[in-house]
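Coordinates from structure-v3.tsv are shown below (TSV, C-alpha atoms and all ligand atoms).
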```
chain	number	residue	atom	x	y	z
A	939	MET	CA	0.00	0.00	0.00
A	940	LEU	CA	1.44	3.39	-1.01
A	941	ILE	CA	0.63	6.30	1.30
A	942	LEU	CA	1.29	9.94	0.55
A	943	GLY	CA	2.14	11.78	3.80
A	944	ILE	CA	1.83	15.56	4.08
A	945	GLU	CA	3.32	17.67	6.88
A	946	THR	CA	2.91	21.43	7.22
A	947	SER	CA	2.47	21.94	10.97
A	948	CYS	CA	5.28	24.46	11.43
A	949	ASP	CA	8.08	25.65	9.14
A	950	GLU	CA	8.82	22.52	7.10
A	951	CYS	CA	6.71	21.86	4.02
A	952	SER	CA	7.09	18.16	3.45
A	953	ALA	CA	5.58	15.31	1.46
A	954	ALA	CA	6.63	11.68	1.29
A	955	VAL	CA	5.63	8.41	-0.28
A	956	VAL	CA	5.95	5.39	2.03
A	957	GLU	CA	5.16	1.78	1.18
A	958	ASP	CA	3.42	-0.43	3.78
A	959	GLY	CA	4.30	1.94	6.63
A	960	ILE	CA	7.96	1.14	6.45
A	961	LYS	CA	9.69	1.64	3.10
A	962	ILE	CA	10.45	5.28	2.35
A	963	LEU	CA	10.24	5.79	-1.42
A	964	SER	CA	10.66	9.55	-1.10
A	965	ASN	CA	10.77	12.15	1.67
A	966	ASN	CA	10.84	15.66	0.29
A	967	ILE	CA	11.41	18.32	2.97
A	968	ALA	CA	11.36	21.97	1.93
A	969	THR	CA	12.53	23.96	4.92
A	970	GLN	CA	11.67	27.60	5.52
A	971	ILE	CA	14.64	28.15	7.85
A	972	GLU	CA	16.16	30.78	5.57
A	973	GLU	CA	12.92	32.81	5.48
A	974	HIS	CA	12.53	32.81	9.29
A	975	THR	CA	16.21	33.35	10.20
A	976	PRO	CA	16.01	37.19	10.12
A	977	TRP	CA	13.42	36.96	12.95
A	978	ASN	CA	15.30	34.26	14.91
A	979	GLY	CA	12.08	32.28	15.10
A	980	VAL	CA	9.10	31.08	13.09
A	981	VAL	CA	6.73	33.85	11.95
A	982	PRO	CA	3.34	32.07	11.64
A	983	GLU	CA	2.01	34.36	8.91
A	984	ILE	CA	5.09	33.84	6.73
A	985	ALA	CA	5.00	30.08	7.38
A	986	SER	CA	1.42	29.59	6.22
A	987	ARG	CA	1.84	31.78	3.15
A	988	LEU	CA	4.93	29.85	2.07
A	989	HIS	CA	3.16	26.51	2.60
A	990	THR	CA	0.40	27.72	0.28
A	991	GLU	CA	2.94	28.58	-2.39
A	992	TRP	CA	5.07	25.47	-1.98
A	993	ILE	CA	2.72	22.58	-1.19
A	994	ASP	CA	1.83	21.60	-4.75
A	995	GLY	CA	5.46	21.55	-5.92
A	996	VAL	CA	6.56	19.70	-2.79
A	997	VAL	CA	3.98	16.94	-3.35
A	998	GLN	CA	4.83	16.74	-7.03
A	999	LYS	CA	8.53	16.31	-6.24
A	1000	ALA	CA	7.76	13.59	-3.65
A	1001	LEU	CA	5.83	11.68	-6.34
A	1002	ASN	CA	8.61	12.17	-8.91
A	1003	ASP	CA	11.34	11.11	-6.44
A	1004	ALA	CA	9.33	7.95	-5.67
A	1005	HIS	CA	8.82	7.30	-9.41
A	1006	VAL	CA	5.06	7.06	-8.97
A	1007	ASP	CA	2.13	9.20	-9.97
A	1008	LEU	CA	-1.11	10.11	-8.24
A	1009	SER	CA	-2.98	7.11	-9.62
A	1010	ASP	CA	-0.56	4.80	-7.75
A	1011	ILE	CA	-1.35	6.34	-4.34
A	1012	ASP	CA	-3.65	4.27	-2.10
A	1013	GLY	CA	-4.28	6.80	0.68
A	1014	VAL	CA	-3.44	10.28	1.93
A	1015	ALA	CA	-2.24	11.01	5.49
A	1016	VAL	CA	-1.78	14.50	6.87
A	1017	THR	CA	-0.83	16.20	10.14
A	1018	ALA	CA	-3.94	17.77	11.67
A	1019	LEU	CA	-2.59	18.53	15.17
A	1020	PRO	CA	-0.79	20.05	16.99
A	1021	GLY	CA	0.88	23.01	15.31
A	1022	LEU	CA	0.40	26.50	13.94
A	1023	MET	CA	-3.22	26.77	12.89
A	1024	GLY	CA	-2.61	28.56	9.58
A	1025	SER	CA	0.16	26.16	8.61
A	1026	LEU	CA	-1.83	23.05	9.55
A	1027	LEU	CA	-4.81	24.22	7.51
A	1028	VAL	CA	-2.77	24.43	4.30
A	1029	GLY	CA	-1.65	20.79	4.42
A	1030	LEU	CA	-5.00	19.58	5.72
A	1031	SER	CA	-7.05	21.32	3.02
A	1032	TYR	CA	-4.67	20.15	0.31
A	1033	ALA	CA	-4.77	16.54	1.58
A	1034	LYS	CA	-8.56	16.51	1.84
A	1035	ALA	CA	-9.00	17.84	-1.68
A	1036	LEU	CA	-6.52	15.33	-3.07
A	1037	ALA	CA	-8.07	12.32	-1.31
A	1038	TRP	CA	-11.57	13.42	-2.31
A	1039	SER	CA	-10.65	13.97	-5.95
A	1040	LEU	CA	-8.87	10.60	-6.16
A	1041	ASP	CA	-11.57	8.88	-4.10
A	1042	ILE	CA	-9.04	7.20	-1.83
A	1043	PRO	CA	-8.84	6.88	2.00
A	1044	PHE	CA	-7.99	9.99	3.97
A	1045	VAL	CA	-6.54	10.00	7.44
A	1046	THR	CA	-5.39	12.69	9.89
A	1047	VAL	CA	-2.34	12.08	12.05
A	1048	ASN	CA	-1.22	13.42	15.41
A	1049	HIS	CA	2.19	15.01	14.81
A	1050	MET	CA	3.56	13.95	18.21
A	1051	GLU	CA	2.60	10.32	17.73
A	1052	ALA	CA	4.21	10.52	14.30
A	1053	HIS	CA	7.49	11.75	15.85
A	1054	LEU	CA	7.52	8.62	17.96
A	1055	TYR	CA	6.73	6.51	14.91
A	1056	ALA	CA	9.79	7.86	13.05
A	1057	PRO	CA	12.28	5.33	14.55
A	1058	HIS	CA	9.88	2.54	13.54
A	1059	LEU	CA	10.61	3.45	9.91
A	1060	GLU	CA	14.20	2.36	10.44
A	1061	TYR	CA	14.17	-0.29	13.19
A	1062	LYS	CA	11.97	-3.17	14.18
A	1063	ILE	CA	10.94	-2.06	17.68
A	1064	GLU	CA	8.76	-4.24	19.88
A	1065	TYR	CA	6.25	-2.82	22.36
A	1066	PRO	CA	6.19	-1.84	25.20
A	1067	TYR	CA	8.80	0.86	25.59
A	1068	LEU	CA	9.43	4.23	27.17
A	1069	GLY	CA	8.79	7.01	24.66
A	1070	LEU	CA	10.53	10.36	24.86
A	1071	ILE	CA	9.03	12.99	22.57
A	1072	VAL	CA	11.02	16.20	22.62
A	1073	SER	CA	10.27	18.93	20.14
A	1074	GLY	CA	9.89	22.69	19.90
A	1075	GLY	CA	6.39	22.57	21.36
A	1076	HIS	CA	6.23	19.40	23.48
A	1077	THR	CA	8.18	17.41	26.04
A	1078	LEU	CA	6.55	14.09	26.85
A	1079	ILE	CA	7.64	10.98	28.70
A	1080	CYS	CA	5.28	8.13	27.91
A	1081	HIS	CA	4.78	4.48	28.62
A	1082	VAL	CA	3.96	3.18	25.15
A	1083	HIS	CA	2.06	-0.06	25.79
A	1084	ASP	CA	1.35	-0.63	22.11
A	1085	GLN	CA	0.76	1.38	18.97
A	1086	TYR	CA	-2.64	2.63	20.09
A	1087	ASN	CA	-2.06	2.98	23.80
A	1088	MET	CA	0.37	5.71	24.73
A	1089	GLU	CA	0.19	6.70	28.40
A	1090	VAL	CA	1.70	10.10	29.12
A	1091	MET	CA	3.62	9.85	32.39
A	1092	GLY	CA	5.01	13.36	32.48
A	1093	THR	CA	5.27	16.58	30.55
A	1094	THR	CA	6.59	20.08	30.94
A	1095	VAL	CA	4.52	22.43	33.07
A	1096	ASP	CA	5.73	25.47	31.11
A	1097	ASP	CA	8.22	25.77	28.20
A	1098	ALA	CA	9.05	22.78	26.03
A	1099	CYS	CA	12.64	21.54	25.98
A	1100	GLY	CA	13.25	22.65	22.36
A	1101	GLU	CA	11.60	25.99	23.12
A	1102	ALA	CA	14.15	26.59	25.91
A	1103	PHE	CA	16.98	25.86	23.43
A	1104	ASP	CA	15.40	28.30	20.97
A	1105	LYS	CA	14.86	31.07	23.53
A	1106	VAL	CA	18.37	30.86	24.99
A	1107	ALA	CA	19.86	30.87	21.47
A	1108	LYS	CA	17.70	33.82	20.46
A	1109	PHE	CA	18.70	35.88	23.52
A	1110	TYR	CA	22.44	35.31	23.01
A	1111	LYS	CA	22.12	35.46	19.20
A	1112	LEU	CA	23.72	32.05	18.87
A	1113	GLY	CA	21.99	31.15	15.59
A	1114	TYR	CA	18.77	29.63	14.31
A	1115	PRO	CA	17.33	27.03	14.82
A	1116	GLY	CA	18.48	27.38	18.42
A	1117	GLY	CA	18.87	23.69	19.22
A	1118	VAL	CA	21.20	23.07	16.31
A	1119	ALA	CA	23.32	26.15	17.14
A	1120	ILE	CA	23.61	25.26	20.85
A	1121	ASP	CA	24.46	21.62	20.11
A	1122	LYS	CA	27.30	22.78	17.84
A	1123	LEU	CA	28.68	25.45	20.20
A	1124	ALA	CA	28.41	23.15	23.24
A	1125	ARG	CA	30.97	20.77	21.74
A	1126	LYS	CA	33.64	23.44	22.27
A	1127	GLY	CA	32.47	24.57	25.71
A	1128	ASP	CA	32.87	23.53	29.33
A	1129	PRO	CA	29.58	21.97	30.53
A	1130	LYS	CA	30.52	22.77	34.12
A	1131	ALA	CA	31.40	26.45	33.61
A	1132	PHE	CA	27.95	27.33	35.00
A	1133	HIS	CA	25.98	25.44	37.62
A	1134	PHE	CA	22.46	26.21	36.43
A	1135	PRO	CA	19.66	24.93	38.65
A	1136	LYS	CA	17.52	21.92	37.79
A	1137	ALA	CA	13.96	23.01	38.41
A	1138	ARG	CA	12.42	21.26	41.37
A	1139	LEU	CA	8.67	20.87	41.37
A	1140	ASN	CA	6.63	20.99	44.53
A	1141	LYS	CA	6.47	18.01	46.84
A	1142	GLY	CA	3.59	15.79	45.84
A	1143	ASP	CA	3.68	16.87	42.19
A	1144	ASN	CA	4.00	14.29	39.43
A	1145	PRO	CA	7.72	13.38	39.57
A	1146	TYR	CA	7.80	12.92	35.80
A	1147	ASN	CA	6.71	16.47	35.09
A	1148	MET	CA	9.40	19.05	34.44
A	1149	SER	CA	9.85	22.78	34.08
A	1150	TYR	CA	12.13	24.58	31.65
A	1151	SER	CA	11.14	28.15	32.28
A	1152	GLY	CA	13.25	28.46	35.46
A	1153	LEU	CA	16.32	27.14	33.65
A	1154	LYS	CA	15.73	29.56	30.79
A	1155	THR	CA	15.42	32.48	33.22
A	1156	ALA	CA	18.62	31.46	35.02
A	1157	VAL	CA	20.56	31.31	31.75
A	1158	ILE	CA	19.15	34.55	30.39
A	1159	ASN	CA	18.74	36.78	33.46
A	1160	GLN	CA	20.92	35.39	36.21
A	1161	LEU	CA	23.98	34.19	34.31
A	1162	ASN	CA	26.69	35.50	36.64
A	1163	GLN	CA	24.97	34.09	39.69
A	1164	PHE	CA	25.68	30.55	38.48
A	1165	LYS	CA	29.19	31.00	37.06
A	1166	LYS	CA	31.92	28.82	38.52
A	1167	ASP	CA	34.90	30.77	39.87
A	1168	GLY	CA	37.43	31.38	37.14
A	1169	ALA	CA	35.15	30.24	34.31
A	1170	GLU	CA	34.57	32.50	31.32
A	1171	ALA	CA	31.13	33.52	30.08
A	1172	THR	CA	31.78	32.50	26.48
A	1173	HIS	CA	28.93	31.44	24.21
A	1174	GLU	CA	30.47	27.97	24.08
A	1175	ASN	CA	30.46	27.65	27.88
A	1176	ILE	CA	26.91	28.99	28.22
A	1177	ALA	CA	25.71	26.58	25.52
A	1178	ALA	CA	27.46	23.55	27.03
A	1179	SER	CA	26.31	24.26	30.59
A	1180	PHE	CA	22.71	24.97	29.56
A	1181	GLN	CA	22.56	21.89	27.35
A	1182	ARG	CA	23.89	19.65	30.13
A	1183	ILE	CA	21.13	20.63	32.54
A	1184	ALA	CA	18.36	20.73	29.92
A	1185	ILE	CA	19.15	17.16	28.84
A	1186	ASP	CA	19.98	15.81	32.32
A	1187	MET	CA	16.47	16.83	33.42
A	1188	LEU	CA	15.12	14.39	30.83
A	1189	ILE	CA	17.63	11.65	31.59
A	1190	ASP	CA	16.87	11.75	35.35
A	1191	ARG	CA	13.20	11.09	34.64
A	1192	VAL	CA	13.83	8.51	31.95
A	1193	LYS	CA	15.94	6.46	34.35
A	1194	ILE	CA	13.32	6.52	37.12
A	1195	ALA	CA	10.54	5.67	34.65
A	1196	LEU	CA	12.46	2.73	33.14
A	1197	ASP	CA	12.99	1.37	36.59
A	1198	GLU	CA	9.47	1.94	37.86
A	1199	ARG	CA	7.78	0.50	34.78
A	1200	GLN	CA	10.35	-2.31	34.33
A	1201	LEU	CA	11.08	-1.28	30.75
A	1202	ASP	CA	14.32	-1.94	28.92
A	1203	GLN	CA	13.88	0.15	25.78
A	1204	VAL	CA	13.64	3.88	25.21
A	1205	VAL	CA	12.53	5.38	21.91
A	1206	ALA	CA	13.15	9.07	21.25
A	1207	GLY	CA	11.64	11.34	18.62
A	1208	GLY	CA	11.17	15.01	17.76
A	1209	GLY	CA	13.64	17.75	16.89
A	1210	VAL	CA	15.58	17.60	20.17
A	1211	SER	CA	16.23	13.87	19.66
A	1212	ALA	CA	18.86	15.07	17.13
A	1213	ASN	CA	20.85	16.47	20.07
A	1214	SER	CA	24.25	14.79	20.32
A	1215	TYR	CA	24.47	15.00	24.13
A	1216	LEU	CA	20.96	13.52	24.54
A	1217	ARG	CA	21.84	10.66	22.19
A	1218	LYS	CA	25.06	9.99	24.09
A	1219	ARG	CA	23.32	9.98	27.48
A	1220	LEU	CA	20.42	7.79	26.37
A	1221	THR	CA	22.76	5.29	24.72
A	1222	SER	CA	24.81	4.93	27.87
A	1223	ILE	CA	21.91	3.96	30.18
A	1224	LYS	CA	22.85	0.47	31.37
A	1225	GLY	CA	20.51	-2.40	30.55
A	1226	CYS	CA	18.48	-0.27	28.16
A	1227	LYS	CA	18.42	-0.21	24.37
A	1228	ALA	CA	17.95	3.30	22.94
A	1229	TYR	CA	16.44	4.03	19.53
A	1230	PHE	CA	16.58	7.38	17.73
A	1231	PRO	CA	15.49	8.41	14.26
A	1232	SER	CA	18.25	9.26	11.79
A	1233	MET	CA	18.88	13.02	11.60
A	1234	GLU	CA	16.50	13.66	8.70
A	1235	LEU	CA	13.66	11.92	10.54
A	1236	CYS	CA	14.17	13.74	13.88
A	1237	THR	CA	12.73	17.02	12.72
A	1238	ASP	CA	9.44	17.45	10.86
A	1239	ASN	CA	9.00	15.26	7.80
A	1240	GLY	CA	6.26	13.69	5.68
A	1241	ALA	CA	7.63	10.13	5.97
A	1242	MET	CA	6.65	9.76	9.64
A	1243	ILE	CA	3.14	10.98	8.75
A	1244	ALA	CA	2.79	8.52	5.87
A	1245	GLY	CA	4.25	5.72	8.02
A	1246	LEU	CA	1.81	6.17	10.89
A	1247	GLY	CA	-1.03	7.00	8.49
A	1248	TYR	CA	-0.59	3.58	6.88
A	1249	HIS	CA	-1.43	1.87	10.18
A	1250	HIS	CA	-4.51	4.06	10.71
A	1251	ILE	CA	-5.73	3.18	7.21
A	1252	LYS	CA	-4.91	-0.52	7.57
A	1253	ASN	CA	-6.79	-0.62	10.88
A	1254	ASP	CA	-9.70	1.26	9.34
A	1255	HIS	CA	-9.35	4.37	11.55
A	1256	LEU	CA	-10.25	6.64	8.64
A	1257	SER	CA	-10.95	10.35	9.09
A	1258	ASP	CA	-13.89	12.41	8.02
A	1259	LEU	CA	-13.31	14.92	5.25
A	1260	ARG	CA	-14.94	17.48	7.56
A	1261	SER	CA	-12.30	17.02	10.27
A	1262	ASN	CA	-10.58	20.18	11.37
A	1263	ALA	CA	-7.07	21.17	12.45
A	1264	GLN	CA	-6.25	21.66	16.14
A	1265	ALA	CA	-3.45	23.88	17.43
A	1266	ARG	CA	-3.16	21.90	20.69
A	1267	VAL	CA	-3.53	18.30	21.75
A	1268	MET	CA	-5.94	17.87	24.62
A	1269	ALA	CA	-5.33	14.23	25.51
A	1270	PHE	CA	-2.67	11.81	24.43
A	1271	LYS	CA	-4.00	8.60	25.85
A	1272	HIS	CA	-5.47	6.88	22.85
A	1273	LYS	CA	-7.43	3.71	22.83
A	1274	TYR	CA	-9.17	2.79	19.66
A	1275	PRO	CA	-12.06	0.35	19.82
B	1301	LIG	O1	10.14	18.32	15.91
B	1301	LIG	P1	10.53	19.67	15.45
B	1301	LIG	O2	11.21	19.79	14.12
B	1301	LIG	O3	9.30	20.62	15.42
B	1301	LIG	C1	8.29	20.59	16.36
B	1301	LIG	O4	7.45	19.68	16.28
B	1301	LIG	O5	8.35	21.47	17.25
B	1301	LIG	O6	11.46	20.27	16.59
B	1301	LIG	C2	12.03	21.52	16.49
B	1301	LIG	C3	12.82	21.77	17.75
B	1301	LIG	C4	13.37	23.18	17.84
B	1301	LIG	O7	13.10	23.68	19.14
B	1301	LIG	C5	14.87	23.00	17.62
B	1301	LIG	O8	15.66	23.99	18.26
B	1301	LIG	C6	15.09	21.63	18.22
B	1301	LIG	O9	13.96	20.89	17.80
B	1301	LIG	N1	16.32	20.97	17.75
B	1301	LIG	C7	17.34	20.65	18.57
B	1301	LIG	C8	18.36	20.10	17.74
B	1301	LIG	N2	17.90	20.09	16.46
B	1301	LIG	C9	16.65	20.63	16.49
B	1301	LIG	N3	17.49	20.79	19.90
B	1301	LIG	C10	18.64	20.39	20.45
B	1301	LIG	N4	19.66	19.87	19.74
B	1301	LIG	C11	19.57	19.69	18.40
B	1301	LIG	N5	20.58	19.17	17.70
B	1302	ZN	ZN	7.71	18.22	15.05
```

Reformat the file's structure so that it appears as structure tokens.
Amino acid sequence: MLILGIETSCDECSAAVVEDGIKILSNNIATQIEEHTPWNGVVPEIASRLHTEWIDGVVQKALNDAHVDLSDIDGVAVTALPGLMGSLLVGLSYAKALAWSLDIPFVTVNHMEAHLYAPHLEYKIEYPYLGLIVSGGHTLICHVHDQYNMEVMGTTVDDACGEAFDKVAKFYKLGYPGGVAIDKLARKGDPKAFHFPKARLNKGDNPYNMSYSGLKTAVINQLNQFKKDGAEATHENIAASFQRIAIDMLIDRVKIALDERQLDQVVAGGGVSANSYLRKRLTSIKGCKAYFPSMELCTDNGAMIAGLGYHHIKNDHLSDLRSNAQARVMAFKHKYP
């Protein structure tokens, strides 16, 4: 079964053709990074306008790269949530029109679930496992019992992990996207030059929840307070010290969750799963196998949408052509009948 996957939730305009949920025939990602760089962040209005201009060409190229044409496509999958409303609507409207005109199945996909599906495109991963979804908008630690039963154990109570990378990078003008710039600079810095605080939640709170806004404030507004004697406040040192704490906050919780739930696999997805320090730390957890997507599949892409969409279509969880986009996800715990 050939599924066309469409992804326009943020600043990547992407389309992919995936066979049987696993074999990537094409994965065309047109990034808008250049257009948003002058603002050091995504400008929603620019993003949705560019998607409108690009979507048709992006889909056409995905079909050409896969050496197929529209009549070969068996179903259309598209991101409907979460994301920037204007951006989501472009991909969703396009996908609906295409599926309707071809009279083939249409399915909407949750972008966060798709991020966690990305490593499944490259590895045979058995359930259950601990899922770590870390992107620009979400930070989720989940017990993934099976494909349709993802139990969220913890999440951020304020900023997302990737958002903290982006905000710190924006403040110090380190480059855009922030996570990529910090990861690169951190390699040349001293991760112990600053002792930034790990946010502690109140006693009795969910121990798997986390907070990134305190860390961000410490790095941006209280830098000198946390500097080790004799250390220099170089961009490299700030990046390395911030990154260490931001990632260690995840690792601490991952370790406790693996232990508590008696799991021996962790699967990471989302833009921050490209982070070299996160990958190193997750790989070195004893007695646990860590899976990450390859770099191209960490950030937003159509292949993960087509891959997960295949399973929805195969299991007959089709979507209504009247279904709408949603900027936020209300509940993650899915159980299909
Ligand atoms: O998954 P994604 O492409 O979009 C969302 O769904 O949000 O994730 C984008 C986020 C951004 O915050 C970006 O700074 C972060 O992923 N990111 C990284 C790295 N590459 C991208 N964060 C840390 N280290 C990286 N190497
Ligand atoms: Zn994403």

All residues having an atom within 8 Å of ligand LIG 1301 (chain B) (all atoms listed in the file) as a PyMOL selection string: chain A and resi 947-948+950+1021+1049-1050+1053+1072-1076+1099-1104+1114-1122+1207-1214+1236-1238

Polymer residues at most 9 Å from Gly1013 (chain A), all atoms listed in the file, same-chain spacing of 5 or more positions, as a PyMOL selection string: chain A and resi 939-943+1037+1041-1045+1244+1247-1248+1251

Interatomic distance (Å, one decimal) between CA of Thr1172 (chain A) and CA of Gly1127 (chain A):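 It comes out at 8.0 Å.
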
Which residue of A:Ala1177, A:Trp992, A:Gly1069, A:Leu1027 approaches Asn1262 (chain A) most closely, using all atoms listed in the file: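 The closest residue to Asn1262 (chain A) is A:Leu1027.
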
CA of Asn1002 (chain A) to CA of Gly1240 (chain A), straight-line distance in Å: 14.9 Å

A:Ala1018, A:Ile1189, A:Val1267, A:Ala1206 ranked by distance to Ser1222 (chain A), top pick (using all atoms listed in the file):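 Looking only at the distances to Ser1222 (chain A), the closest residue turns out to be A:Ile1189.
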
All residues 10 Å or closer to region 1128-1141 of chain A, only C-alpha atoms, same chain fewer than 2 positions away omitted, as an MDAnalysis selection string: chainID A and resid 1095 1124:1126 1143:1157 1160:1172 1174:1184 1186:1187

Given only C-alpha atoms as the counted atoms, nearest of A:Ser1025, A:Gln970, A:Ser986, A:Ser952 to Gln1264 (chain A): A:Ser1025

One-decimal distance in Å that lies between CA of Leu1022 (chain A) and CA of Pro982 (chain A):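 Distance reported for this atom pair: 6.7 Å.
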
Option closest in space to Asn965 (chain A), from A:Leu1059, A:Leu988, A:Val1106, A:Met1023 [counting all atoms listed in the file]: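 Using all atoms listed in the file, Asn965 (chain A) sits closest to A:Leu1059.
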
Nearby residues, (6.7, 29.1, 1.5) file frame, 10 Å, all atoms listed in the file, as a list of chain:residue names: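 Nearby residues: A:Asp949, A:Glu950, A:Cys951, A:Ala968, A:Thr969, A:Gln970, A:Glu973, A:Ile984, A:Ala985, A:Ser986, A:Arg987, A:Leu988, A:His989, A:Thr990, A:Glu991, A:Trp992, A:Ile993.
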
Nearest-residue call for ligand ZN 1302 (chain B), choices A:Thr1046, A:Ser964, A:Thr975, A:Asn1239, using all atoms listed in the file: A:Asn1239

List every protein, DNA or RNA residue with an atom no more than 12 Å from (-9.8, 22.9, 1.4) in the file's coordinates, counting all atoms listed in the file, and format the result as a tab-separated table (two decimals) with C-alpha atoms, keeping the file's coordinate frame.
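Dumped everything to result.tsv:
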```
chain	number	residue	atom	x	y	z
A	990	THR	CA	0.40	27.72	0.28
A	1026	LEU	CA	-1.83	23.05	9.55
A	1027	LEU	CA	-4.81	24.22	7.51
A	1028	VAL	CA	-2.77	24.43	4.30
A	1029	GLY	CA	-1.65	20.79	4.42
A	1030	LEU	CA	-5.00	19.58	5.72
A	1031	SER	CA	-7.05	21.32	3.02
A	1032	TYR	CA	-4.67	20.15	0.31
A	1033	ALA	CA	-4.77	16.54	1.58
A	1034	LYS	CA	-8.56	16.51	1.84
A	1035	ALA	CA	-9.00	17.84	-1.68
A	1036	LEU	CA	-6.52	15.33	-3.07
A	1037	ALA	CA	-8.07	12.32	-1.31
A	1038	TRP	CA	-11.57	13.42	-2.31
A	1039	SER	CA	-10.65	13.97	-5.95
A	1259	LEU	CA	-13.31	14.92	5.25
A	1260	ARG	CA	-14.94	17.48	7.56
A	1261	SER	CA	-12.30	17.02	10.27
A	1262	ASN	CA	-10.58	20.18	11.37
A	1263	ALA	CA	-7.07	21.17	12.45
```

8 Å contact set for Cys1226 (chain A), only C-alpha atoms, chain neighbours under 4 positions out, as a list in words: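 Result of the neighbour search: Leu1201, Asp1202, Gln1203, Val1204 and Thr1221 of chain A.
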
Spatial neighbours of Lys1062 (chain A), 12 Å, all atoms listed in the file, chain gap at least 6 places, as a count of residues only: 6

Which residue of A:Ile1185, A:Val955, A:Ala1052, A:Gly1142 approaches Thr1017 (chain A) most closely, using all atoms listed in the file: A:Ala1052

Can you fill out region 1223-1237 of chain A with N, CA and C atoms and hand it back as a short mmCIF file (atom, residue, chain, number, x, y, z; two decimals), keeping the file's coordinate frame?
```cif
data_model
loop_
_atom_site.label_atom_id
_atom_site.label_comp_id
_atom_site.auth_asym_id
_atom_site.auth_seq_id
_atom_site.Cartn_x
_atom_site.Cartn_y
_atom_site.Cartn_z
N ILE A 1223 22.69 4.47 29.04
CA ILE A 1223 21.91 3.96 30.18
C ILE A 1223 22.06 2.43 30.19
N LYS A 1224 22.57 1.93 31.29
CA LYS A 1224 22.85 0.47 31.37
C LYS A 1224 21.57 -0.36 31.34
N GLY A 1225 21.64 -1.46 30.59
CA GLY A 1225 20.51 -2.40 30.55
C GLY A 1225 19.34 -1.89 29.73
N CYS A 1226 19.58 -0.85 28.95
CA CYS A 1226 18.48 -0.27 28.16
C CYS A 1226 18.93 -0.04 26.73
N LYS A 1227 18.09 -0.45 25.78
CA LYS A 1227 18.42 -0.21 24.37
C LYS A 1227 17.74 1.10 23.96
N ALA A 1228 18.52 2.00 23.36
CA ALA A 1228 17.95 3.30 22.94
C ALA A 1228 17.81 3.35 21.42
N TYR A 1229 16.69 3.85 20.98
CA TYR A 1229 16.44 4.03 19.53
C TYR A 1229 16.20 5.51 19.25
N PHE A 1230 16.84 6.00 18.19
CA PHE A 1230 16.58 7.38 17.73
C PHE A 1230 16.33 7.33 16.23
N PRO A 1231 15.61 8.32 15.71
CA PRO A 1231 15.49 8.41 14.26
C PRO A 1231 16.82 8.91 13.68
N SER A 1232 17.08 8.63 12.42
CA SER A 1232 18.25 9.26 11.79
C SER A 1232 17.97 10.77 11.72
N MET A 1233 19.01 11.56 11.49
CA MET A 1233 18.88 13.02 11.60
C MET A 1233 17.70 13.57 10.80
N GLU A 1234 17.55 13.11 9.57
CA GLU A 1234 16.50 13.66 8.70
C GLU A 1234 15.10 13.38 9.26
N LEU A 1235 14.99 12.30 10.03
CA LEU A 1235 13.66 11.92 10.54
C LEU A 1235 13.40 12.44 11.95
N CYS A 1236 14.40 13.15 12.55
CA CYS A 1236 14.17 13.74 13.88
C CYS A 1236 13.24 14.93 13.78
N THR A 1237 13.55 15.81 12.85
CA THR A 1237 12.73 17.02 12.72
C THR A 1237 11.54 16.70 11.79
#
```
